[in-house]
Amino acid sequence: MTKDFALKIFEAFSIERWNDLVRPFDIVEMDKSAEKMVVAYIIGKYEEHKGAKIDWEWMIYASLFDLLRKIALCDIKSPVERLLKKKYPEEFIKLNYWVLDQYKDLIDDKNLFEKFSSYIIDNSVKTNFDITRRVLRAAHKYSTLRELDMIGMVNEKQRLSAIKKEVYADIQSFLDLTGLQLFITKQKPLDFLMRVEQLRFQTRWNQTPRVPKTSVLGHCFFVAILTLLLQRENGIKLCPKRLYNNFFCGLFHDLPEAVTRDIISPVKQATHGLPSVVKDIEDQIVGKDLLPLLEDFYKEEINYFTNDEFCNKVLVDGRAKEVSFEDLNEKYNSDFFSPVDGKIVRLADHYSALLEADSSIKHGITSSHLREGEANLLKMYPSSTVINGVDVGRLFSEFS
């Protein structure tokens, strides 16, 4: 991974959605991608509970590739793309090859670029969808519908009626999915999702002006994507559950802030004992206010993601155990132990914060908070630093 590639992905924080409608809050592509994956996780869990096999690794990479494609084609609206694919298939395929060309010099990882190429080319011609693709597609449609619901309060019905009718028509073919049925009929999953959506309204670094602004939810998805990329740096062949855990641990790592709000780092570290006290309070609130909104068949997994999320850990006899990176690879790199590279999630969290600060400073919007934040993050990772096999010194030296 390079700074240039990370900054390209970071552009999704600046891509505005529904910019031809009245918007009561900032609606950007990174936040939409984040909500889509939360919805996909929930719908996927219901399908797994029914006995379906979900290819989570495919879905995780697809979430990255969809975002990269959207960044390249940010000005093309979905109806135009659909018409292009249906009426002018040859031009649609050429357009997708053009997308790939935009990333040739940014993605140094040849295997990753091959995955990206296969995904883009496959989607140019594919019309039939397996269960995993259907879950992701349903999540895409429903997260779009949620945005329309949220902006519906400030737009005349005439502005939205045709769009909503089209989205509802698209959703019809996915209504056999239990999770989607429950979302549409406003059952328990929607109660949980609405708590998660509060993270869309919470701005990071909220004590200082910054460009672009980033929400907590968008930040969570960005951290999940960075975790996916960073874990490829160490050359370790991860078991499927480890890759899955790492991504969703990144996606849900700030979930407690849905009920506690974003407590900025200087406040959390105001006293020696405050970080552990804040964490304890977060765990209590999650257990009281969020976990009851989840089904039993994925409640404990969410709890596993949000407890000690920055530790390398495994499950042994049903209990979480912190382990070294060496043991993670040599003893526990198996689905049976449900391993997590929590230290890479933490690294991704800090790398995201560094990009947030550095990007705003480079745009000329700066403050003592941003400058001190950037300086402190750089001090944390000197040139010799290696975390879970990742050469962090190299990554952070690009900002020095």
# chains A, B, ... in the order shown; residues from 1 in each chain; ligands from 1
call {"tool": "residues_around", "arguments": {"residues": "Thr208 of chain A", "least_positions_apart": "6", "cutoff": "10 Å", "atoms": "only C-alpha atoms", "output": "VMD selection string"}}
result
chain A and resid 365 to 370
call {"tool": "write_last_selection", "arguments": {"atoms": "C-alpha atoms", "output": "compact mmCIF listing (two decimals), in the first residue's frame"}}
result
# COMPACT_ATOMS: atom_id res chain seq x y z
CA ILE A 365 -7.38 24.20 6.46
CA THR A 366 -5.33 23.65 9.57
CA SER A 367 -5.30 24.17 13.33
CA SER A 368 -3.19 23.35 16.34
CA HIS A 369 -5.34 20.24 16.89
CA LEU A 370 -4.57 18.91 13.42
call {"tool": "residues_around", "arguments": {"residues": "Glu295 of chain A", "least_positions_apart": "5", "cutoff": "10 Å", "atoms": "only C-alpha atoms", "output": "list in words"}}
result
Ile42, Lys45, Tyr46, Lys188, Pro189 and Glu300 of chain A
call {"tool": "write_last_selection", "arguments": {"atoms": "C-alpha atoms", "output": "short mmCIF file (atom, residue, chain, number, x, y, z; two decimals), in the first residue's frame"}}
result
data_model
loop_
_atom_site.label_atom_id
_atom_site.label_comp_id
_atom_site.auth_asym_id
_atom_site.auth_seq_id
_atom_site.Cartn_x
_atom_site.Cartn_y
_atom_site.Cartn_z
CA ILE A 42 -26.98 -8.40 8.57
CA LYS A 45 -26.16 -13.46 8.63
CA TYR A 46 -29.84 -14.25 8.18
CA LYS A 188 -35.48 -5.41 14.76
CA PRO A 189 -32.65 -5.13 12.16
CA GLU A 300 -21.80 -12.67 20.21
#
call {"tool": "residues_around", "arguments": {"residues": "segment 342-355 of chain A", "least_positions_apart": "2", "cutoff": "10 Å", "atoms": "only C-alpha atoms", "output": "MDAnalysis selection string"}}
result
chainID A and resid 3 6:7 10 204:205 219:220 222:231 245:251 253:254 305 308:313 322 325 339:340 357:361 370 373:378 380:381 387:390 392 395:396 399
call {"tool": "atom_distance", "arguments": {"atom1": "atom CA of Ile15 of chain A", "atom2": "atom CA of Val28 of chain A"}}
result
5.4 Å
call {"tool": "select_by_dssp", "arguments": {"residues": "segment 143-358 of chain A", "states": "strand (DSSP E or B)", "output": "number ranges by chain"}}
result
A: 203, 215, 312-316, 319-322, 340-341
call {"tool": "closest_residue", "arguments": {"among": "A:Gly287, A:Pro212, A:Gly235, A:Pro240", "to": "Glu57 of chain A", "atoms": "only C-alpha atoms"}}
result
A:Pro240
call {"tool": "residues_around", "arguments": {"residues": "Ser384 of chain A", "least_positions_apart": "6", "cutoff": "10 Å", "atoms": "only C-alpha atoms", "output": "PDB file with N, CA and C atoms, in the first residue's frame"}}
result
ATOM      1  N   ASP A 391       5.593  -3.265   7.558  1.00  0.00           N
ATOM      2  CA  ASP A 391       6.627  -2.243   7.702  1.00  0.00           C
ATOM      3  C   ASP A 391       5.956  -0.876   7.839  1.00  0.00           C
ATOM      4  N   VAL A 392       5.597  -0.541   9.063  1.00  0.00           N
ATOM      5  CA  VAL A 392       4.867   0.696   9.333  1.00  0.00           C
ATOM      6  C   VAL A 392       5.760   1.918   9.111  1.00  0.00           C
ATOM      7  N   GLY A 393       7.040   1.768   9.401  1.00  0.00           N
ATOM      8  CA  GLY A 393       7.965   2.878   9.200  1.00  0.00           C
ATOM      9  C   GLY A 393       7.922   3.379   7.773  1.00  0.00           C
ATOM     10  N   ARG A 394       7.889   2.450   6.810  1.00  0.00           N
ATOM     11  CA  ARG A 394       7.821   2.838   5.394  1.00  0.00           C
ATOM     12  C   ARG A 394       6.537   3.605   5.101  1.00  0.00           C
TER      13      ARG A 394
END
call {"tool": "select_by_dssp", "arguments": {"residues": "segment 75-182 of chain A", "states": "helix (DSSP H, G or I)", "output": "PyMOL selection string"}}
result
chain A and resi 78-87+89-103+110-125+131-154+157-174+178-182
call {"tool": "residues_around", "arguments": {"residues": "Asn19 of chain A", "least_positions_apart": "3", "cutoff": "12 Å", "atoms": "only C-alpha atoms", "output": "PyMOL selection string"}}
result
chain A and resi 14-16+22-29+74-75+77+151
call {"tool": "write_last_selection", "arguments": {"atoms": "all heavy atoms", "output": "tab-separated table (two decimals), in the first residue's frame"}}
result
chain	number	residue	atom	x	y	z
A	14	SER	N	-15.18	12.85	-0.39
A	14	SER	CA	-15.50	14.12	-1.05
A	14	SER	C	-16.54	13.97	-2.16
A	14	SER	O	-16.96	14.96	-2.74
A	14	SER	CB	-14.23	14.73	-1.64
A	14	SER	OG	-13.27	14.99	-0.64
A	15	ILE	N	-16.94	12.73	-2.46
A	15	ILE	CA	-17.93	12.51	-3.52
A	15	ILE	C	-19.33	12.63	-2.92
A	15	ILE	O	-19.77	11.80	-2.14
A	15	ILE	CB	-17.75	11.12	-4.17
A	15	ILE	CG1	-16.36	11.01	-4.81
A	15	ILE	CG2	-18.83	10.88	-5.22
A	15	ILE	CD1	-16.06	9.65	-5.39
A	16	GLU	N	-20.02	13.69	-3.29
A	16	GLU	CA	-21.35	13.95	-2.75
A	16	GLU	C	-22.40	13.15	-3.51
A	16	GLU	O	-22.34	13.00	-4.73
A	16	GLU	CB	-21.66	15.45	-2.82
A	16	GLU	CG	-20.74	16.30	-1.97
A	16	GLU	CD	-21.14	17.76	-1.98
A	16	GLU	OE1	-22.05	18.13	-2.76
A	16	GLU	OE2	-20.56	18.53	-1.20
A	22	VAL	N	-32.38	18.46	-2.18
A	22	VAL	CA	-32.14	19.11	-0.90
A	22	VAL	C	-31.63	18.05	0.08
A	22	VAL	O	-32.21	16.97	0.21
A	22	VAL	CB	-33.44	19.73	-0.35
A	22	VAL	CG1	-33.15	20.46	0.96
A	22	VAL	CG2	-34.05	20.67	-1.38
A	23	ARG	N	-30.52	18.37	0.76
A	23	ARG	CA	-29.93	17.40	1.69
A	23	ARG	C	-29.78	18.02	3.07
A	23	ARG	O	-29.13	19.05	3.22
A	23	ARG	CB	-28.56	16.95	1.17
A	23	ARG	CG	-28.62	16.11	-0.10
A	23	ARG	CD	-27.28	16.02	-0.78
A	23	ARG	NE	-26.85	17.34	-1.24
A	23	ARG	CZ	-25.60	17.63	-1.58
A	23	ARG	NH1	-24.67	16.70	-1.53
A	23	ARG	NH2	-25.28	18.84	-1.98
A	24	PRO	N	-30.37	17.37	4.08
A	24	PRO	CA	-30.30	17.93	5.44
A	24	PRO	C	-28.96	17.67	6.13
A	24	PRO	O	-28.70	18.23	7.20
A	24	PRO	CB	-31.43	17.20	6.17
A	24	PRO	CG	-31.55	15.90	5.45
A	24	PRO	CD	-31.23	16.19	4.01
A	25	PHE	N	-28.12	16.81	5.55
A	25	PHE	CA	-26.79	16.54	6.11
A	25	PHE	C	-25.89	16.11	4.96
A	25	PHE	O	-26.37	15.84	3.85
A	25	PHE	CB	-26.84	15.45	7.19
A	25	PHE	CG	-27.30	14.10	6.70
A	25	PHE	CD1	-26.39	13.09	6.41
A	25	PHE	CD2	-28.66	13.84	6.51
A	25	PHE	CE1	-26.81	11.85	5.94
A	25	PHE	CE2	-29.09	12.60	6.05
A	25	PHE	CZ	-28.17	11.61	5.77
A	26	ASP	N	-24.59	16.07	5.20
A	26	ASP	CA	-23.64	15.66	4.15
A	26	ASP	C	-23.84	14.18	3.83
A	26	ASP	O	-23.76	13.33	4.71
A	26	ASP	CB	-22.20	15.90	4.61
A	26	ASP	CG	-21.85	17.38	4.71
A	26	ASP	OD1	-22.51	18.18	4.03
A	26	ASP	OD2	-20.95	17.72	5.49
A	27	ILE	N	-24.10	13.89	2.57
A	27	ILE	CA	-24.28	12.50	2.14
A	27	ILE	C	-23.18	12.21	1.12
A	27	ILE	O	-23.19	12.73	0.00
A	27	ILE	CB	-25.66	12.27	1.50
A	27	ILE	CG1	-26.76	12.75	2.44
A	27	ILE	CG2	-25.85	10.79	1.17
A	27	ILE	CD1	-28.17	12.61	1.89
A	28	VAL	N	-22.21	11.40	1.54
A	28	VAL	CA	-21.04	11.14	0.69
A	28	VAL	C	-20.89	9.65	0.43
A	28	VAL	O	-21.47	8.81	1.13
A	28	VAL	CB	-19.75	11.70	1.33
A	28	VAL	CG1	-19.84	13.21	1.50
A	28	VAL	CG2	-19.46	11.03	2.65
A	29	GLU	N	-20.11	9.35	-0.58
A	29	GLU	CA	-19.99	7.97	-1.06
A	29	GLU	C	-19.39	7.03	-0.02
A	29	GLU	O	-19.79	5.87	0.08
A	29	GLU	CB	-19.16	7.94	-2.34
A	29	GLU	CG	-19.22	6.62	-3.08
A	29	GLU	CD	-20.62	6.22	-3.49
A	29	GLU	OE1	-21.39	7.10	-3.92
A	29	GLU	OE2	-20.96	5.02	-3.36
A	74	CYS	N	-17.57	9.02	-10.64
A	74	CYS	CA	-18.43	9.68	-9.65
A	74	CYS	C	-19.56	10.49	-10.26
A	74	CYS	O	-20.60	10.71	-9.62
A	74	CYS	CB	-17.60	10.55	-8.72
A	74	CYS	SG	-16.73	11.90	-9.54
A	75	ASP	N	-19.44	10.96	-11.50
A	75	ASP	CA	-20.46	11.84	-12.08
A	75	ASP	C	-21.52	11.09	-12.88
A	75	ASP	O	-22.46	11.70	-13.39
A	75	ASP	CB	-19.80	12.89	-12.99
A	75	ASP	CG	-19.02	13.92	-12.19
A	75	ASP	OD1	-19.42	14.17	-11.04
A	75	ASP	OD2	-18.03	14.45	-12.72
A	77	LYS	N	-24.70	8.81	-13.05
A	77	LYS	CA	-25.78	8.34	-12.19
A	77	LYS	C	-26.17	6.91	-12.57
A	77	LYS	O	-26.00	6.47	-13.72
A	77	LYS	CB	-26.99	9.26	-12.32
A	77	LYS	CG	-26.71	10.69	-11.86
A	77	LYS	CD	-27.93	11.57	-11.99
A	77	LYS	CE	-28.98	11.27	-10.96
A	77	LYS	NZ	-30.07	12.25	-10.93
A	151	ILE	N	-33.70	11.87	3.36
A	151	ILE	CA	-33.81	13.20	2.74
A	151	ILE	C	-35.25	13.50	2.33
A	151	ILE	O	-35.56	14.61	1.90
A	151	ILE	CB	-32.88	13.34	1.51
A	151	ILE	CG1	-33.28	12.38	0.39
A	151	ILE	CG2	-31.44	13.13	1.92
A	151	ILE	CD1	-32.43	12.56	-0.86
call {"tool": "closest_residue", "arguments": {"among": "A:Val316, A:Glu398, A:Val259, A:Arg242", "to": "Asn329 of chain A", "atoms": "only C-alpha atoms"}}
result
A:Arg242
call {"tool": "closest_residue", "arguments": {"among": "A:Ile107, A:Leu73, A:Val216, A:Leu294", "to": "Glu356 of chain A", "atoms": "only C-alpha atoms"}}
result
A:Val216
call {"tool": "residues_around", "arguments": {"residues": "segment 116-122 of chain A", "least_positions_apart": "4", "cutoff": "7 Å", "atoms": "only C-alpha atoms", "output": "list in words"}}
result
Phe65, Asn96, Leu100, Leu112 and Lys126 of chain A
call {"tool": "write_last_selection", "arguments": {"atoms": "all heavy atoms", "output": "PDB file, in the first residue's frame"}}
result
ATOM      1  N   PHE A  65     -13.774  -2.908  -4.486  1.00  0.00           N
ATOM      2  CA  PHE A  65     -13.763  -2.690  -5.932  1.00  0.00           C
ATOM      3  C   PHE A  65     -14.942  -1.821  -6.386  1.00  0.00           C
ATOM      4  O   PHE A  65     -14.791  -0.998  -7.291  1.00  0.00           O
ATOM      5  CB  PHE A  65     -13.775  -4.033  -6.660  1.00  0.00           C
ATOM      6  CG  PHE A  65     -12.583  -4.907  -6.343  1.00  0.00           C
ATOM      7  CD1 PHE A  65     -12.682  -6.295  -6.388  1.00  0.00           C
ATOM      8  CD2 PHE A  65     -11.367  -4.353  -5.977  1.00  0.00           C
ATOM      9  CE1 PHE A  65     -11.585  -7.101  -6.091  1.00  0.00           C
ATOM     10  CE2 PHE A  65     -10.265  -5.146  -5.682  1.00  0.00           C
ATOM     11  CZ  PHE A  65     -10.380  -6.530  -5.744  1.00  0.00           C
ATOM     12  N   ASN A  96     -15.508   0.238 -18.502  1.00  0.00           N
ATOM     13  CA  ASN A  96     -14.934  -0.496 -17.375  1.00  0.00           C
ATOM     14  C   ASN A  96     -13.433  -0.725 -17.548  1.00  0.00           C
ATOM     15  O   ASN A  96     -12.680  -0.711 -16.565  1.00  0.00           O
ATOM     16  CB  ASN A  96     -15.659  -1.828 -17.187  1.00  0.00           C
ATOM     17  CG  ASN A  96     -16.982  -1.650 -16.469  1.00  0.00           C
ATOM     18  OD1 ASN A  96     -17.103  -0.829 -15.571  1.00  0.00           O
ATOM     19  ND2 ASN A  96     -17.994  -2.402 -16.873  1.00  0.00           N
ATOM     20  N   LEU A 100     -10.229   0.566 -15.051  1.00  0.00           N
ATOM     21  CA  LEU A 100      -9.029  -0.180 -14.669  1.00  0.00           C
ATOM     22  C   LEU A 100      -7.767   0.606 -14.981  1.00  0.00           C
ATOM     23  O   LEU A 100      -6.807   0.601 -14.195  1.00  0.00           O
ATOM     24  CB  LEU A 100      -8.999  -1.531 -15.385  1.00  0.00           C
ATOM     25  CG  LEU A 100     -10.061  -2.545 -14.954  1.00  0.00           C
ATOM     26  CD1 LEU A 100     -10.021  -3.771 -15.866  1.00  0.00           C
ATOM     27  CD2 LEU A 100      -9.855  -2.964 -13.505  1.00  0.00           C
ATOM     28  N   LEU A 112      -3.751  -8.101  -6.303  1.00  0.00           N
ATOM     29  CA  LEU A 112      -4.925  -7.285  -6.022  1.00  0.00           C
ATOM     30  C   LEU A 112      -5.485  -6.682  -7.301  1.00  0.00           C
ATOM     31  O   LEU A 112      -6.709  -6.659  -7.510  1.00  0.00           O
ATOM     32  CB  LEU A 112      -4.574  -6.172  -5.028  1.00  0.00           C
ATOM     33  CG  LEU A 112      -5.737  -5.259  -4.622  1.00  0.00           C
ATOM     34  CD1 LEU A 112      -6.789  -6.031  -3.850  1.00  0.00           C
ATOM     35  CD2 LEU A 112      -5.222  -4.074  -3.798  1.00  0.00           C
ATOM     36  N   LYS A 126     -21.984  -9.999 -16.587  1.00  0.00           N
ATOM     37  CA  LYS A 126     -22.743 -10.943 -15.767  1.00  0.00           C
ATOM     38  C   LYS A 126     -24.164 -10.447 -15.537  1.00  0.00           C
ATOM     39  O   LYS A 126     -24.387  -9.277 -15.245  1.00  0.00           O
ATOM     40  CB  LYS A 126     -22.051 -11.157 -14.416  1.00  0.00           C
ATOM     41  CG  LYS A 126     -22.509 -12.409 -13.696  1.00  0.00           C
ATOM     42  CD  LYS A 126     -21.621 -12.680 -12.488  1.00  0.00           C
ATOM     43  CE  LYS A 126     -21.981 -13.980 -11.812  1.00  0.00           C
ATOM     44  NZ  LYS A 126     -21.673 -15.148 -12.614  1.00  0.00           N
TER      45      LYS A 126
END
call {"tool": "atom_distance", "arguments": {"atom1": "atom CA of Ala320 of chain A", "atom2": "atom CA of Thr306 of chain A"}}
result
11.8 Å
call {"tool": "atom_distance", "arguments": {"atom1": "atom CA of Lys279 of chain A", "atom2": "atom CA of Ile302 of chain A"}}
result
15.8 Å
call {"tool": "closest_residue", "arguments": {"among": "A:Arg146, A:Lys104, A:Arg371, A:Arg133", "to": "Asp55 of chain A", "atoms": "only C-alpha atoms"}}
result
A:Arg133
